[in-house]
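What follows is a short report on a single structure.
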Amino acid sequence: MRHFSSGLALCFVLASVSACNSDNGSPPAPVAAAPTQRTIIMVWDGLRPDSVNPIDTPNLYALRQQGVGFSDHHSTYPTFTMMNGSSFATGSFPKTSGFYGNTFWTPPQAGAAQPIPVGKSAAGANQDYVDPVFTEDYAVLTTLNDYYGGQLLLVKSLFKTAQDAGLKTLALGKSGAAYIQDLGRGGFFVDENAVLPQSLATELLTAGFALPSNTTFAYPSGTITLAATNGNPTARAGALTFPLPNGVQAKDATDTTQGPPEDASNKYMLGLFTQYILPKKLPDLTLIWFRTPDNTEHAYGPGSANYRKALASQDARLGEVQAALKSNGLDTTTNIIIVSDHAHSNVSGPTRLFPLRAITSSTTVTGGITNAALADIDPVNGYSVSGDVRSADLLTYAGFNAYDGSGCATSAQAGIKADGSAVYAVGTDTSGTLCGTAGRRYQAISASLATPVARFQVPATLPGNGIVIAANGGSDYFYAPDHDATTVANLVRFLQSREEYGAIFVDSRYGAIPGTLTMSSVNLENATRQNKGQPDIVASFNWDSQQLVNGLPGIEFESFQGNRGMHGSFSPIDVHNTLIAFGPAFRSGITIANPTGNVDVAPTVAQLFGLTMSAADGRVLNEALVKPASSSTPSIRASVVNPSAPAAGIVFKSPVDPTGATVDTALTGTYSINLAVKDLTVDNKTYRYFDFAQAVRN
Ligand SMILES: [Zn+2]
């Protein structure tokens with residue numbers, strides 16, 4: 001996803017300091033006997049279940065063979081990192097947790113003492129909250145948690161549950177994703193920007209370890225002094241690119257040299273765990289979340305050579321965890337749960353409209369730019385040149401007042417048609433009037449309007465019936481802060497008409513809108529967050545679960561970000577992710593075909609410690625446990641949910657033409673949704689799992 005620099009909310013300037021108390025303290029003293037078993041949850045960001053094999057991931061493959069494999073596991077929709085981070089934290093969906101990640105919008109609260117959040121990013125910069133905010137940043141999460149009165153997550157987390165029982169916890173790894181596990185700062189914390197609490201940071205410095213260079217921003221100025229040799233151990237390289245004929249830089253999917261751009265950062269953070277925190281602190285519950293292979297999939301696409309290198313890298317990190325457990329005598333008493341937040345798809349529009357194209361492989365790299373070049377159509381071994389959609393641009397051109405706050409942008413995935421022509425021209429803002437910066441380039445159909453628009457900055461005061469879009473990737477969130485029913489109905493109709501969009505979910509306050517399902521039908525409505533962060537509409541981008549790119553099935557449209565890989569959609573590829581469990585609490589050598597989900601992980605881990613999470617939406621995966629809390633056999637029923645009535649009379653617009661002038665004459669004009677679900681009933685309770693949601697246009 002996007003990698004925004006961000007910053008720290010200094011605790012002393014905020015009204016609520018509940019999240020800040022631990023800066024000066026250690027985790028609470030144990031109030032219960034230490035457990036006989038420890039548990040490590042290791043999140044492999046974006047790991048597709050079809051990538052677990054003896055060649056690419058030998059350690060993980062062996063773990064699955066020896067432990068429990070789950071063959072029908074489900075990510076929480078929208079299938080984004082922070083959405084699933086909140087599900088791991090709480091065992092719940094947004095209807096219960098109240099959290100909407102990755103990027104969401106905090107509407108100004110008229111008359112409130114603090115109309116919008118105010119704070120810094122993890123990098124110490126002022127964070128913008130007028131535009132939608134990217135939440136993969138501990139300081140942003142801290143600001144938001146304070147803004148929501150310590151209730152960014154509305155229910156008690158797994159980590160807090162463990163800490164209240166006297167257990168020691170550690171969250172380590174990816175920015176934002178690790179931190180949301182422990183918003184109350186009751187345990188040890190290491191991510192790409194900070195180390196908490198201060199006592200741990202000081203201990204690590206004393207022991208001669210470098211710290212993430214932004215750690216200084218986590219404390220009052222002068223509190224933490226890094227060694228002169230500290231450097232920036234969590235720095236990440238950028239992806240290698242090559243220029244398309246229009247000058248836009250495309251990620252070089254043919255590169256075989258780079259591997260995961262975050263490799264050094266992961267090795268460093270895992271070294272803190274294996275060399276110091278594990279042996280010295282002996283955490284009972286550990287969550288390690290690395291942005292591998294996800295970051296490499298975004299850059300180069302699932303199935304690419306660098307993706308496979310990323311799998312190998314992450315598998316080596318797993319091997320290091322196992323070796324550290326063994327050398328500390330903890331291997332037979334520690335449970336290891338490997339899970340991904342979501343799977344991953346290649347970014348592309350339909351290949352009949354946008355054929356895959358060959359790229360002549362690079363042989364040199366200079367300053368991050370290779371000598372690869374775009375070549376002819378190659379439907380089998382080619383790479384995508386399409387898939388990016390800017391909702392704010394399409395809507396603005398169609399007459400809506402729409403904003404996404406993303407600024408002027410170009411994308412290598414903006415679309416090259418079968419005849420070789422581009423969907424979008426590249427413009428240059430020579431004066432700076434369009435983009436705010438002279439010389440910026442842009443691709444926007446709305447730049448051709450009488451009053452040109454290319455930036456889509458959210459105004460401090462929205463015009464009547466303004467729409468704010470949190471552009472997230474495989475799904476976009478639409479906010480209509482006036483809650484005008486006609487505007488919402490028109491917006492829905494527009495999204496249904498454009499074939500880039502898939503299933504559309506609308507807040508049930510607007511009643512039954514033809515061809516839509518309610519957000520409550522997929523657990524996305526939260527009364528506490530209505531008007532305070534909950535979108536009015538969540539739309540998945542359209543997808544094709546069969547199309548191969550790089551030898552792997554699954555493509556989707558994405559928000560205008562220029563990635564080769566993306567997730568967040570309601571495709572069965574994005575939804576079906578990876579769960580593997582191994583250790584003394586888990587059965588051996590079995591595969592569980594029952595549906596399971598990321599919301600089930602936290603209640604199951606709580607059960608391993610003899611604890612319960614009564615507010616969780618998920619269930620304890622008893623069928624995987626040596627000592628189940630219940631031995632009841634679940635019953636499972638699959639069905640398809642449809643809107644009460646389809647939308648009719650729609651003129652469908654082709655993705656090859658953002659003006660809407662090119663219509664799809666093959667279709668008659670009806671739009672509906674197939675939402676495929678499985679209901680698992682056990683011990684008189686029913687849990688619903690979502691397999692996919694598909695737009696049906698006829
Ligand atoms: Zn991602």
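Within each chain, counting starts at residue 1; across the structure tokens, chains are named A, B, ... in the order shown, with ligands numbered 1 upward in that order.
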Once you count only C-alpha atoms and all ligand atoms, what closest atom pair and distance in Å to one decimal does each residue of chain A within 8 Å of ligand 1 have, with rows by chain and rising residue number, as JSON lines?
```
{"residue": "A:Met1", "atom": "CA", "partner": "ligand 1", "partner_atom_place_in_ligand_line": "1 (Zn)", "distance": 4.8}
{"residue": "A:Asp45", "atom": "CA", "partner": "ligand 1", "partner_atom_place_in_ligand_line": "1 (Zn)", "distance": 7.1}
{"residue": "A:Gly46", "atom": "CA", "partner": "ligand 1", "partner_atom_place_in_ligand_line": "1 (Zn)", "distance": 6.4}
{"residue": "A:Phe80", "atom": "CA", "partner": "ligand 1", "partner_atom_place_in_ligand_line": "1 (Zn)", "distance": 6.7}
{"residue": "A:Thr81", "atom": "CA", "partner": "ligand 1", "partner_atom_place_in_ligand_line": "1 (Zn)", "distance": 6.2}
{"residue": "A:Arg291", "atom": "CA", "partner": "ligand 1", "partner_atom_place_in_ligand_line": "1 (Zn)", "distance": 7.7}
{"residue": "A:Asp294", "atom": "CA", "partner": "ligand 1", "partner_atom_place_in_ligand_line": "1 (Zn)", "distance": 5.1}
{"residue": "A:Asn295", "atom": "CA", "partner": "ligand 1", "partner_atom_place_in_ligand_line": "1 (Zn)", "distance": 6.2}
{"residue": "A:Glu297", "atom": "CA", "partner": "ligand 1", "partner_atom_place_in_ligand_line": "1 (Zn)", "distance": 7.9}
{"residue": "A:His298", "atom": "CA", "partner": "ligand 1", "partner_atom_place_in_ligand_line": "1 (Zn)", "distance": 6.5}
{"residue": "A:His344", "atom": "CA", "partner": "ligand 1", "partner_atom_place_in_ligand_line": "1 (Zn)", "distance": 7.9}
{"residue": "A:Met566", "atom": "CA", "partner": "ligand 1", "partner_atom_place_in_ligand_line": "1 (Zn)", "distance": 6.4}
{"residue": "A:His567", "atom": "CA", "partner": "ligand 1", "partner_atom_place_in_ligand_line": "1 (Zn)", "distance": 6.5}
```
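Of the residues in region 500-582 of chain A, those that DSSP places in alpha helix (DSSP H) on the basis of the backbone are Pro572, Ile573, Asp574 and Val575 of chain A.
Among the candidates A:Pro655, A:Gly597, A:Pro553, A:Pro481, the one nearest to Ser87 (chain A) when counting only C-alpha atoms is A:Gly597.
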Please tabulate, as JSON lines, the residues of region 61-83 of chain A that come within 10 Å of region 516-532 of chain A, each with its closest pair of atoms and the distance in Å to one decimal, counting only C-alpha atoms and ordering rows by chain, then residue number upward.
```
{"residue": "A:Thr76", "atom": "CA", "partner": "A:Val522", "partner_atom": "CA", "distance": 9.3}
{"residue": "A:Tyr77", "atom": "CA", "partner": "A:Val522", "partner_atom": "CA", "distance": 7.6}
{"residue": "A:Pro78", "atom": "CA", "partner": "A:Leu524", "partner_atom": "CA", "distance": 9.0}
```
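CA of Gly533 (chain A) lies 13.8 Å from CA of Thr96 (chain A).
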Might you pull out every residue within 10 Å of Val389 (chain A), with only C-alpha atoms counted and same-chain residues fewer than 3 positions away left off, and present them as a VMD selection string? chain A and resid 349 386 392 to 394 411 413 to 415 471 473 500 to 501 541 557 to 562 655 658
Would you put the residues from that selection into a file with C-alpha atoms, as an mmCIF file, in the first residue's frame?
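Dumped everything to selection.cif:
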```cif
data_model
loop_
_atom_site.group_PDB
_atom_site.id
_atom_site.type_symbol
_atom_site.label_atom_id
_atom_site.label_comp_id
_atom_site.auth_asym_id
_atom_site.auth_seq_id
_atom_site.Cartn_x
_atom_site.Cartn_y
_atom_site.Cartn_z
ATOM 1 C CA GLY A 349 -8.704 -4.702 -15.830
ATOM 2 C CA SER A 386 -4.305 -1.564 -16.486
ATOM 3 C CA ALA A 392 -12.987 11.050 -7.321
ATOM 4 C CA ASP A 393 -12.034 11.749 -10.934
ATOM 5 C CA LEU A 394 -14.804 9.661 -12.498
ATOM 6 C CA SER A 411 -0.154 5.670 -12.704
ATOM 7 C CA GLN A 413 -1.680 0.985 -14.402
ATOM 8 C CA ALA A 414 -3.949 3.713 -15.815
ATOM 9 C CA GLY A 415 -4.678 1.521 -18.829
ATOM 10 C CA ALA A 471 -9.321 5.376 -1.651
ATOM 11 C CA GLY A 473 -7.003 -0.294 -2.879
ATOM 12 C CA GLU A 500 -14.778 -1.098 -12.746
ATOM 13 C CA TYR A 501 -16.894 -1.534 -9.602
ATOM 14 C CA PHE A 541 -13.695 -3.031 -7.139
ATOM 15 C CA PHE A 557 -9.141 -3.127 -10.238
ATOM 16 C CA GLU A 558 -7.640 -0.871 -7.551
ATOM 17 C CA SER A 559 -7.639 2.739 -6.433
ATOM 18 C CA PHE A 560 -5.246 4.893 -8.469
ATOM 19 C CA GLN A 561 -1.918 3.843 -6.900
ATOM 20 C CA GLY A 562 0.178 2.202 -9.624
ATOM 21 C CA PRO A 655 -13.580 0.896 -18.364
ATOM 22 C CA PRO A 658 -13.544 7.432 -18.238
#
```
Determine the nearest neighbour of Asp657 (chain A) from the options A:Ala480, A:Val620, A:Leu449, A:Ile416, counting only C-alpha atoms. A:Ile416
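By chain and then residue number, the residues within 6 Å of region 663-670 of chain A are Ala647, Ala648, Gly649, Ile650, Val651, Phe652, Lys653, Ser654, Arg697 and Asn698 of chain A, counting only C-alpha atoms and disregarding those fewer than 6 positions away in sequence.
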Leaving out Gln249 (chain A) and any residue of its chain fewer than 2 positions from it, which residues lie within 9 Å of it when counting only C-alpha atoms, given as a VMD selection string? chain A and resid 241 to 244 246 to 247 251 to 252 369 410 to 412
If you count only C-alpha atoms, the residue of A:Thr256, A:Glu556, A:Gln546, A:Asn472 closest to Lys309 (chain A) turns out to be A:Thr256
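Candidate residues A:Leu170, A:Ala125, A:Ile377, A:Leu158 were compared for distance to Val599 (chain A), and the nearest is A:Leu158, using only C-alpha atoms.
Excluding Thr370 (chain A) itself and any same-chain residue fewer than 3 positions from it, the protein and nucleic acid residues within 12 Å of it, counting only C-alpha atoms, are Ala239, Leu240, Thr241, Phe242, Pro243, Leu244, Gln249, Ala250, Lys251, Asp252, Ala253, Thr254, Asp255, Thr256, Thr257, Gln258, Ile359, Thr360, Ser361, Ser362, Thr363, Thr364, Val365, Thr366, Gly367, Ala373 and Leu374 of chain A.
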